[in-house]
Amino acid sequence: MATVTFVEHDGTSHDVDIVEGESLMELATSSAVPGIEGDCGGEAACGTCHIIVSDEWVGTTGLRTDRESQMLEMSPECVTSSRLACQVVASGALDGLRVRLPEFQM
Ligand code: FES
């Protein structure tokens with residue numbers, strides 16, 4: 001089974017099975033991964049699903065949109081590879097992906 005790993009700020013990791021077509025936010029919240037809240041339900045409007053993609057995966061996950069940037073740049077923990085997990089669609093191509101969570105969500 002293809003998996004994505006969410007790594008909390010303290011280093012605790014959570015392997016989650018990929019469900020094709022769901023967002024990474026949906027995968028995380030349905031697996032009760034701490035630190036991913038998804039308050040707006042995936043509308044890119046709350047910023048509570050901030051993830052940090054490792055540099056080697058940015059080419060696969062893609063770059064964030066202007067709308068994502070508007071939300072993410074309000075976070076002091078925003079970096080170049082920050083994404084909103086609700087805007088990244090899961091697929092088998094993401095098997096093995098590890099994403100870090102910021103210490104605090106907005
Ligand atoms: S769930 Fe609200 S911005 Fe992603």
# chains A, B, ... in the order shown; residues from 1 in each chain; ligands from 1
>>> residues_near_ligand(ligand="ligand 1", cutoff="10 Å", atoms="only C-alpha atoms and all ligand atoms", output="CSV table (one decimal) with N, CA and C atoms, in the first residue's frame")
chain,number,residue,atom,x,y,z
A,23,SER,N,-7.4,14.6,-0.7
A,23,SER,CA,-6.3,15.6,-0.4
A,23,SER,C,-5.4,15.1,0.8
A,24,LEU,N,-4.2,15.6,0.9
A,24,LEU,CA,-3.4,15.2,2.0
A,24,LEU,C,-4.0,15.6,3.3
A,25,MET,N,-4.8,16.7,3.3
A,25,MET,CA,-5.5,17.1,4.5
A,25,MET,C,-6.5,16.1,4.9
A,26,GLU,N,-7.3,15.6,3.9
A,26,GLU,CA,-8.3,14.6,4.2
A,26,GLU,C,-7.7,13.3,4.7
A,29,THR,N,-6.6,14.1,8.4
A,29,THR,CA,-7.6,14.2,9.4
A,29,THR,C,-8.4,12.9,9.6
A,36,ILE,N,-2.9,18.6,12.1
A,36,ILE,CA,-3.6,19.0,10.8
A,36,ILE,C,-5.0,19.1,11.2
A,37,GLU,N,-5.5,20.3,11.1
A,37,GLU,CA,-6.9,20.6,11.5
A,37,GLU,C,-7.9,20.7,10.4
A,38,GLY,N,-7.6,21.4,9.4
A,38,GLY,CA,-8.5,21.5,8.2
A,38,GLY,C,-9.9,22.1,8.5
A,39,ASP,N,-9.8,23.2,9.3
A,39,ASP,CA,-11.0,23.9,9.8
A,39,ASP,C,-12.0,24.3,8.7
A,40,CYS,N,-11.5,24.7,7.5
A,40,CYS,CA,-12.4,25.2,6.4
A,40,CYS,C,-12.9,24.1,5.5
A,41,GLY,N,-12.5,22.9,5.8
A,41,GLY,CA,-13.0,21.7,5.0
A,41,GLY,C,-12.3,21.6,3.7
A,42,GLY,N,-11.2,22.3,3.5
A,42,GLY,CA,-10.4,22.1,2.2
A,42,GLY,C,-10.6,23.2,1.2
A,43,GLU,N,-11.0,24.4,1.7
A,43,GLU,CA,-11.3,25.5,0.7
A,43,GLU,C,-10.1,26.5,0.6
A,44,ALA,N,-8.9,26.1,1.2
A,44,ALA,CA,-7.8,27.0,1.2
A,44,ALA,C,-8.1,28.3,1.8
A,45,ALA,N,-8.9,28.3,2.9
A,45,ALA,CA,-9.3,29.5,3.5
A,45,ALA,C,-9.0,29.7,5.0
A,46,CYS,N,-8.4,28.6,5.6
A,46,CYS,CA,-8.1,28.7,7.0
A,46,CYS,C,-6.6,28.6,7.4
A,47,GLY,N,-5.9,28.0,6.6
A,47,GLY,CA,-4.4,27.8,6.9
A,47,GLY,C,-4.1,26.8,8.0
A,48,THR,N,-5.0,26.0,8.4
A,48,THR,CA,-4.8,25.0,9.5
A,48,THR,C,-4.3,23.7,9.0
A,49,CYS,N,-3.9,23.6,7.7
A,49,CYS,CA,-3.4,22.4,7.2
A,49,CYS,C,-2.0,22.6,6.6
A,50,HIS,N,-1.2,23.5,7.2
A,50,HIS,CA,0.1,23.8,6.7
A,50,HIS,C,1.0,22.6,6.8
A,51,ILE,N,1.7,22.2,5.7
A,51,ILE,CA,2.7,21.2,5.7
A,51,ILE,C,3.9,21.7,5.0
A,67,ARG,N,-3.1,31.6,-4.2
A,67,ARG,CA,-4.1,31.6,-3.1
A,67,ARG,C,-3.5,30.9,-1.9
A,68,GLU,N,-2.8,29.8,-2.1
A,68,GLU,CA,-2.1,29.2,-1.0
A,68,GLU,C,-1.1,30.1,-0.3
A,71,MET,N,-2.4,32.6,2.2
A,71,MET,CA,-2.7,32.0,3.5
A,71,MET,C,-1.4,31.7,4.2
A,72,LEU,N,-0.5,31.0,3.5
A,72,LEU,CA,0.7,30.5,4.2
A,72,LEU,C,1.7,31.6,4.6
A,83,ARG,N,3.1,24.1,1.8
A,83,ARG,CA,1.9,23.9,1.1
A,83,ARG,C,0.7,23.8,2.0
A,84,LEU,N,-0.5,24.0,1.5
A,84,LEU,CA,-1.7,23.7,2.2
A,84,LEU,C,-2.0,22.2,1.8
A,85,ALA,N,-2.1,21.4,2.9
A,85,ALA,CA,-2.3,20.0,2.6
A,85,ALA,C,-3.7,19.7,1.8
A,86,CYS,N,-4.6,20.6,2.0
A,86,CYS,CA,-5.9,20.4,1.3
A,86,CYS,C,-5.8,20.7,-0.2
A,87,GLN,N,-4.7,21.2,-0.6
A,87,GLN,CA,-4.5,21.6,-2.0
A,87,GLN,C,-3.6,20.6,-2.7
A,88,VAL,N,-3.2,19.5,-2.0
A,88,VAL,CA,-2.3,18.5,-2.6
A,88,VAL,C,-3.1,17.2,-2.7
A,106,MET,N,-2.1,28.1,12.0
A,106,MET,CA,-2.7,29.4,12.2
A,106,MET,C,-4.0,29.3,13.0
>>> residues_around(residues="Asp95 of chain A", least_positions_apart="2", cutoff="10 Å", atoms="only C-alpha atoms", output="PyMOL selection string")
chain A and resi 1-5+17-18+90-93+97-98
>>> atom_distance(atom1="atom CA of Thr65 of chain A", atom2="atom CA of Val7 of chain A")
23.1 Å
>>> select_by_dssp(residues="segment 10-91 of chain A", states="alpha helix (DSSP H)", output="MDAnalysis selection string")
chainID A and resid 24:30 58:61 66:72
>>> write_last_selection(atoms="N, CA, C and O atoms", output="short mmCIF file (atom, residue, chain, number, x, y, z; two decimals), in the first residue's frame")
data_model
loop_
_atom_site.label_atom_id
_atom_site.label_comp_id
_atom_site.auth_asym_id
_atom_site.auth_seq_id
_atom_site.Cartn_x
_atom_site.Cartn_y
_atom_site.Cartn_z
N LEU A 24 -4.21 15.58 0.88
CA LEU A 24 -3.38 15.18 2.03
C LEU A 24 -4.03 15.62 3.33
O LEU A 24 -3.88 14.95 4.35
N MET A 25 -4.77 16.71 3.33
CA MET A 25 -5.50 17.12 4.53
C MET A 25 -6.54 16.07 4.90
O MET A 25 -6.67 15.69 6.08
N GLU A 26 -7.28 15.59 3.92
CA GLU A 26 -8.31 14.57 4.19
C GLU A 26 -7.67 13.29 4.71
O GLU A 26 -8.19 12.66 5.65
N LEU A 27 -6.54 12.90 4.12
CA LEU A 27 -5.86 11.70 4.60
C LEU A 27 -5.44 11.88 6.06
O LEU A 27 -5.61 10.97 6.88
N ALA A 28 -4.88 13.04 6.37
CA ALA A 28 -4.37 13.28 7.72
C ALA A 28 -5.51 13.35 8.74
O ALA A 28 -5.43 12.73 9.81
N THR A 29 -6.55 14.07 8.41
CA THR A 29 -7.62 14.23 9.40
C THR A 29 -8.39 12.91 9.59
O THR A 29 -8.78 12.59 10.71
N SER A 30 -8.57 12.16 8.53
CA SER A 30 -9.29 10.90 8.69
C SER A 30 -8.46 9.87 9.46
O SER A 30 -9.00 8.91 9.99
N VAL A 58 9.29 18.48 -4.04
CA VAL A 58 8.55 19.63 -4.54
C VAL A 58 8.18 19.46 -6.02
O VAL A 58 7.09 19.85 -6.45
N GLY A 59 9.06 18.83 -6.78
CA GLY A 59 8.77 18.63 -8.20
C GLY A 59 7.57 17.72 -8.42
O GLY A 59 6.87 17.83 -9.43
N THR A 60 7.31 16.83 -7.47
CA THR A 60 6.18 15.90 -7.60
C THR A 60 4.89 16.51 -7.04
O THR A 60 3.83 16.36 -7.65
N THR A 61 5.00 17.16 -5.90
CA THR A 61 3.78 17.74 -5.30
C THR A 61 3.37 19.01 -6.02
O THR A 61 2.20 19.39 -5.97
N ASP A 66 -1.05 31.00 -5.87
CA ASP A 66 -1.08 32.33 -5.25
C ASP A 66 -2.02 32.34 -4.06
O ASP A 66 -1.75 32.98 -3.04
N ARG A 67 -3.15 31.64 -4.19
CA ARG A 67 -4.10 31.61 -3.07
C ARG A 67 -3.49 30.93 -1.85
O ARG A 67 -3.67 31.38 -0.73
N GLU A 68 -2.79 29.83 -2.07
CA GLU A 68 -2.11 29.18 -0.95
C GLU A 68 -1.09 30.13 -0.33
O GLU A 68 -0.97 30.22 0.89
N SER A 69 -0.35 30.82 -1.18
CA SER A 69 0.68 31.74 -0.67
C SER A 69 0.05 32.81 0.22
O SER A 69 0.62 33.18 1.25
N GLN A 70 -1.11 33.30 -0.17
CA GLN A 70 -1.77 34.33 0.64
C GLN A 70 -2.04 33.82 2.05
O GLN A 70 -1.90 34.57 3.01
N MET A 71 -2.44 32.57 2.16
CA MET A 71 -2.70 32.01 3.49
C MET A 71 -1.39 31.69 4.21
O MET A 71 -1.19 32.07 5.36
N LEU A 72 -0.51 31.01 3.52
CA LEU A 72 0.70 30.49 4.17
C LEU A 72 1.65 31.59 4.62
O LEU A 72 2.33 31.45 5.65
#
>>> atom_distance(atom1="atom CA of Gly96 of chain A", atom2="atom CA of Glu73 of chain A")
26.8 Å
>>> closest_residue(among="A:Val33, A:Val79, A:Met74, A:Val99", to="Glu56 of chain A", atoms="only C-alpha atoms")
A:Val99
>>> atom_distance(atom1="atom CA of Glu103 of chain A", atom2="atom CA of Ala32 of chain A")
16.8 Å
>>> closest_residue(among="A:Glu22, A:Ser54, A:Gln105, A:Phe6", to="Pro76 of chain A", atoms="only C-alpha atoms")
A:Gln105
